[in-house]
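Undergrad: I'd like to ask you about the structure that follows.
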Amino acid sequence: MLELRRNMAHLLLGSFFAFLVVTLPHELVIACNGLLISALLISSFLYQKHKIALLTWLFTRFDRPGKFTAKGAIIFFVGTLIAVLLFPPLIAALSILVLAISDSLATIAGHYAGKHIVFGKKTIEGTLVFFACTLVILVFFSVAPIKALLIALIVSATELVTPTYLDDNLTIPFATGLLLSLPIFV
């Protein structure tokens, strides 16, 4: 149940943030992203040192147990910050949507229905869900179907083989934004 809660929060917050990227001024988006990362770092520190009730409630319901509280959320927002800093708003928003939706649904599918492990904890079922979601997102937002297919294949492969020490919350938005930006894909 924890994975479902975590990934639904990942999906909803990421989708909302992608909306903000295309509606708010660029500087405000960067500031909000920086504030979120700072707030998560401070919350993690406070939780580890003082066990504040609200933070305990949040982290026990939405965070994997571990030494570094809120690690996933922090890295997620660092990944969105990279997209916002490197790419124009529409490309950044699409990159964040792929991270938020495709990665979340792939994790849920892999966790609850995955039977065929490929790399580490990654499953064929999760990778197929990631690919399908990415393709739908890109085509829905008017990326040419062949271009969307190629990008979905490459980003799915990137998500699949990203080593755990690097984290796919960093590689997915970067790879998606880079591929959407390349002249060969225009």
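Chain labels run A, B, ... following the order of the structure tokens; each chain numbers its residues from 1, and ligands are numbered from 1 in the order shown.
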Could you give me, as a compact mmCIF listing (two decimals) with all heavy atoms, in the first residue's frame, the residues within 12 Å of Ile82 in chain A, counting only C-alpha atoms and dropping anything in the same chain fewer than 5 positions from it?
TA:
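To be explicit, this is the file written out as result.txt:
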```txt
# COMPACT_ATOMS: atom_id res chain seq x y z
N VAL A 29 8.84 29.61 -11.19
CA VAL A 29 8.90 28.15 -11.20
C VAL A 29 10.22 27.68 -10.58
O VAL A 29 10.24 26.76 -9.74
CB VAL A 29 8.73 27.59 -12.63
CG1 VAL A 29 9.00 26.09 -12.66
CG2 VAL A 29 7.35 27.89 -13.16
N ILE A 30 11.32 28.32 -10.96
CA ILE A 30 12.63 27.96 -10.40
C ILE A 30 12.64 28.22 -8.89
O ILE A 30 13.12 27.39 -8.11
CB ILE A 30 13.76 28.73 -11.11
CG1 ILE A 30 13.88 28.25 -12.56
CG2 ILE A 30 15.09 28.57 -10.37
CD1 ILE A 30 14.78 29.11 -13.43
N ASN A 33 10.53 25.61 -7.10
CA ASN A 33 11.25 24.34 -7.09
C ASN A 33 12.36 24.35 -6.03
O ASN A 33 12.51 23.40 -5.27
CB ASN A 33 11.82 24.07 -8.49
CG ASN A 33 12.02 22.61 -8.77
OD1 ASN A 33 12.57 21.91 -7.95
ND2 ASN A 33 11.60 22.17 -9.92
N GLY A 34 13.12 25.44 -5.99
CA GLY A 34 14.17 25.56 -4.99
C GLY A 34 13.62 25.55 -3.57
O GLY A 34 14.19 24.92 -2.67
N ILE A 75 15.00 14.05 -4.75
CA ILE A 75 15.59 13.76 -6.05
C ILE A 75 14.58 14.02 -7.17
O ILE A 75 14.94 14.51 -8.24
CB ILE A 75 16.16 12.33 -6.09
CG1 ILE A 75 17.34 12.23 -5.12
CG2 ILE A 75 16.61 11.95 -7.50
CD1 ILE A 75 17.90 10.84 -4.94
N PHE A 76 13.31 13.73 -6.92
CA PHE A 76 12.26 14.02 -7.90
C PHE A 76 12.26 15.52 -8.25
O PHE A 76 12.27 15.89 -9.43
CB PHE A 76 10.89 13.61 -7.34
CG PHE A 76 9.74 13.94 -8.25
CD1 PHE A 76 9.35 13.06 -9.24
CD2 PHE A 76 9.05 15.13 -8.12
CE1 PHE A 76 8.29 13.35 -10.08
CE2 PHE A 76 7.99 15.44 -8.95
CZ PHE A 76 7.61 14.55 -9.94
N PHE A 77 12.28 16.36 -7.24
CA PHE A 77 12.25 17.80 -7.50
C PHE A 77 13.58 18.35 -8.02
O PHE A 77 13.60 19.35 -8.73
CB PHE A 77 11.73 18.58 -6.29
CG PHE A 77 10.23 18.46 -6.17
CD1 PHE A 77 9.65 17.70 -5.17
CD2 PHE A 77 9.40 19.07 -7.10
CE1 PHE A 77 8.27 17.56 -5.08
CE2 PHE A 77 8.02 18.94 -7.02
CZ PHE A 77 7.46 18.18 -6.01
N PHE A 87 15.53 23.33 -20.34
CA PHE A 87 14.65 23.25 -21.51
C PHE A 87 13.57 24.33 -21.49
O PHE A 87 13.20 24.82 -20.43
CB PHE A 87 14.00 21.86 -21.58
CG PHE A 87 14.99 20.74 -21.54
CD1 PHE A 87 15.04 19.88 -20.45
CD2 PHE A 87 15.90 20.55 -22.56
CE1 PHE A 87 15.96 18.84 -20.40
CE2 PHE A 87 16.84 19.52 -22.53
CZ PHE A 87 16.87 18.67 -21.44
N PRO A 88 13.05 24.67 -22.67
CA PRO A 88 11.93 25.62 -22.73
C PRO A 88 10.72 25.06 -21.96
O PRO A 88 10.62 23.83 -21.78
CB PRO A 88 11.62 25.73 -24.23
CG PRO A 88 12.77 25.13 -24.94
CD PRO A 88 13.46 24.20 -23.98
N PRO A 89 9.80 25.92 -21.53
CA PRO A 89 8.69 25.48 -20.67
C PRO A 89 7.89 24.27 -21.19
O PRO A 89 7.61 23.35 -20.42
CB PRO A 89 7.81 26.72 -20.55
CG PRO A 89 8.77 27.85 -20.71
CD PRO A 89 9.79 27.38 -21.71
N ILE A 91 8.74 21.85 -23.30
CA ILE A 91 9.57 20.63 -23.25
C ILE A 91 9.82 20.22 -21.81
O ILE A 91 9.76 19.03 -21.47
CB ILE A 91 10.88 20.84 -24.04
CG1 ILE A 91 10.56 20.93 -25.53
CG2 ILE A 91 11.89 19.73 -23.75
CD1 ILE A 91 11.74 21.23 -26.42
N ALA A 92 10.08 21.18 -20.93
CA ALA A 92 10.26 20.86 -19.51
C ALA A 92 9.00 20.24 -18.93
O ALA A 92 9.06 19.23 -18.21
CB ALA A 92 10.63 22.13 -18.73
N ALA A 93 7.84 20.80 -19.27
CA ALA A 93 6.57 20.28 -18.76
C ALA A 93 6.32 18.85 -19.25
O ALA A 93 5.90 17.98 -18.48
CB ALA A 93 5.41 21.19 -19.16
N SER A 95 8.61 16.70 -20.13
CA SER A 95 9.60 15.87 -19.44
C SER A 95 9.14 15.53 -18.03
O SER A 95 9.30 14.39 -17.57
CB SER A 95 10.95 16.59 -19.39
OG SER A 95 11.40 16.87 -20.68
N ILE A 96 8.57 16.51 -17.36
CA ILE A 96 8.07 16.30 -15.99
C ILE A 96 6.84 15.40 -16.00
O ILE A 96 6.69 14.54 -15.13
CB ILE A 96 7.80 17.66 -15.31
CG1 ILE A 96 9.12 18.41 -15.11
CG2 ILE A 96 7.07 17.47 -13.98
CD1 ILE A 96 8.96 19.88 -14.76
N ASN A 169 14.77 9.46 -11.44
CA ASN A 169 14.13 10.77 -11.30
C ASN A 169 15.00 11.88 -11.89
O ASN A 169 14.52 12.98 -12.15
CB ASN A 169 13.83 11.09 -9.83
CG ASN A 169 12.65 10.31 -9.30
OD1 ASN A 169 11.73 9.97 -10.03
ND2 ASN A 169 12.69 9.99 -8.02
N LEU A 170 16.27 11.60 -12.07
CA LEU A 170 17.18 12.55 -12.72
C LEU A 170 17.30 12.26 -14.21
O LEU A 170 17.31 13.18 -15.03
CB LEU A 170 18.56 12.48 -12.07
CG LEU A 170 18.64 12.80 -10.58
CD1 LEU A 170 20.05 12.55 -10.06
CD2 LEU A 170 18.21 14.22 -10.31
N THR A 171 17.41 11.00 -14.57
CA THR A 171 17.67 10.65 -15.97
C THR A 171 16.43 10.76 -16.86
O THR A 171 16.56 11.12 -18.03
CB THR A 171 18.27 9.24 -16.09
OG1 THR A 171 17.36 8.28 -15.55
CG2 THR A 171 19.61 9.15 -15.38
N ILE A 172 15.25 10.47 -16.33
CA ILE A 172 14.04 10.51 -17.17
C ILE A 172 13.75 11.92 -17.69
O ILE A 172 13.58 12.10 -18.90
CB ILE A 172 12.82 9.92 -16.42
CG1 ILE A 172 13.00 8.41 -16.23
CG2 ILE A 172 11.52 10.21 -17.17
CD1 ILE A 172 12.00 7.79 -15.28
N PRO A 173 13.66 12.94 -16.83
CA PRO A 173 13.35 14.27 -17.39
C PRO A 173 14.47 14.80 -18.28
O PRO A 173 14.21 15.47 -19.28
CB PRO A 173 13.13 15.16 -16.16
CG PRO A 173 13.73 14.43 -15.02
CD PRO A 173 13.71 12.97 -15.36
N PHE A 174 15.72 14.47 -17.94
CA PHE A 174 16.83 14.93 -18.77
C PHE A 174 16.78 14.28 -20.15
O PHE A 174 16.88 14.95 -21.18
CB PHE A 174 18.18 14.65 -18.09
CG PHE A 174 19.35 15.06 -18.93
CD1 PHE A 174 19.68 16.40 -19.07
CD2 PHE A 174 20.09 14.11 -19.63
CE1 PHE A 174 20.75 16.79 -19.87
CE2 PHE A 174 21.15 14.49 -20.43
CZ PHE A 174 21.48 15.84 -20.55
N ALA A 175 16.64 12.96 -20.19
CA ALA A 175 16.62 12.24 -21.47
C ALA A 175 15.41 12.67 -22.31
O ALA A 175 15.55 12.90 -23.52
CB ALA A 175 16.60 10.73 -21.24
N THR A 176 14.26 12.80 -21.69
CA THR A 176 13.06 13.21 -22.42
C THR A 176 13.23 14.61 -23.00
O THR A 176 12.96 14.83 -24.19
CB THR A 176 11.82 13.17 -21.50
OG1 THR A 176 11.71 11.88 -20.91
CG2 THR A 176 10.55 13.48 -22.28
N GLY A 177 13.67 15.54 -22.18
CA GLY A 177 13.87 16.92 -22.65
C GLY A 177 14.92 17.00 -23.74
O GLY A 177 14.74 17.71 -24.74
N LEU A 178 16.01 16.27 -23.57
CA LEU A 178 17.07 16.29 -24.56
C LEU A 178 16.57 15.77 -25.90
O LEU A 178 16.79 16.38 -26.95
CB LEU A 178 18.26 15.45 -24.07
CG LEU A 178 19.47 15.39 -25.00
CD1 LEU A 178 20.10 16.78 -25.15
CD2 LEU A 178 20.50 14.40 -24.46
```
Undergrad: For Val129 in chain A, please output as a PyMOL selection string all residues within 12 Å (counting only C-alpha atoms; exclusion window: fewer than 6 positions along the same chain).
TA: chain A and resi 98+101-111+113-114+122-123+135-136+152-153+156+159-160
Undergrad: Output C-alpha atoms of each residue in that selection to a file, as a tab-separated table (two decimals), in the first residue's frame.
TA:
```
chain	number	residue	atom	x	y	z
A	98	VAL	CA	6.70	11.65	-18.38
A	101	ILE	CA	2.94	9.73	-14.92
A	102	SER	CA	4.99	7.10	-16.74
A	103	ASP	CA	7.41	6.42	-13.89
A	104	SER	CA	4.64	6.27	-11.27
A	105	LEU	CA	2.42	3.91	-13.25
A	106	ALA	CA	5.40	1.77	-14.25
A	107	THR	CA	6.41	1.40	-10.60
A	108	ILE	CA	2.86	0.48	-9.59
A	109	ALA	CA	2.57	-2.05	-12.44
A	110	GLY	CA	5.99	-3.52	-11.70
A	111	HIS	CA	5.35	-3.72	-7.97
A	113	ALA	CA	1.84	-7.15	-11.42
A	114	GLY	CA	5.50	-7.53	-12.38
A	122	LYS	CA	12.73	-3.40	-12.83
A	123	THR	CA	10.26	-5.66	-14.61
A	135	LEU	CA	3.91	7.32	-25.99
A	136	VAL	CA	0.37	8.40	-25.06
A	152	ALA	CA	9.28	6.58	-25.83
A	153	LEU	CA	11.56	3.66	-26.77
A	156	SER	CA	11.96	3.59	-21.61
A	159	GLU	CA	14.53	4.24	-17.26
A	160	LEU	CA	15.19	0.51	-17.39
```
Undergrad: Which of these, A:Ile124, A:Met8, A:Ala144, A:Ile184, has the shortest distance to Ala157 in chain A once you count only C-alpha atoms?
TA: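 Among the listed residues, the smallest separation from Ala157 in chain A belongs to A:Ile124.
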Undergrad: Hey, can you check how far CA of Ile151 in chain A sits from CA of Ser181 in chain A?
TA: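 CA of Ile151 in chain A sits 10.9 Å away from CA of Ser181 in chain A.
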Undergrad: Choose the residue, out of A:Pro183, A:Gly79, A:Gly120, A:Pro145, that has the smallest atom-to-atom separation from Ala100 in chain A; count only C-alpha atoms.
TA: A:Gly79
Undergrad: How many Å separate CA of Thr80 in chain A from CA of Ile154 in chain A?
TA: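 Interatomic distance, CA of Thr80 in chain A to CA of Ile154 in chain A: 19.1 Å.
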Undergrad: Within chain A, find each residue whose DSSP state, derived from the backbone, is strand (DSSP E or B), and express the selection as a ChimeraX atom specification.
TA: /A:117-119,122-123
Undergrad: Hey, can you spit out that residue selection with N, CA and C atoms as a short mmCIF file (atom, residue, chain, number, x, y, z; two decimals), in the first residue's frame?
TA:
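Written file, selection-v2.cif:
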```
data_model
loop_
_atom_site.label_atom_id
_atom_site.label_comp_id
_atom_site.auth_asym_id
_atom_site.auth_seq_id
_atom_site.Cartn_x
_atom_site.Cartn_y
_atom_site.Cartn_z
N ILE A 117 11.49 -10.04 -13.94
CA ILE A 117 12.51 -9.06 -13.56
C ILE A 117 13.59 -9.01 -14.65
N VAL A 118 13.95 -7.77 -15.02
CA VAL A 118 14.95 -7.57 -16.07
C VAL A 118 16.26 -7.06 -15.46
N PHE A 119 16.21 -5.90 -14.77
CA PHE A 119 17.37 -5.29 -14.13
C PHE A 119 17.00 -4.92 -12.70
N LYS A 122 13.52 -3.81 -11.66
CA LYS A 122 12.73 -3.40 -12.83
C LYS A 122 12.17 -4.64 -13.54
N THR A 123 10.91 -4.53 -13.96
CA THR A 123 10.26 -5.66 -14.61
C THR A 123 9.87 -5.30 -16.05
#
```
Undergrad: Check the smallest atom-to-atom distance from each of A:His10, A:Ala70, A:Leu20, A:Thr158 to Tyr47 in chain A using only C-alpha atoms, then report the winner.
TA: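 Smallest separation from Tyr47 in chain A among the options: A:Ala70.
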Undergrad: To one decimal place, how far is CA of Ser38 in chain A from CA of Ile74 in chain A in Å?
TA: 8.6 Å
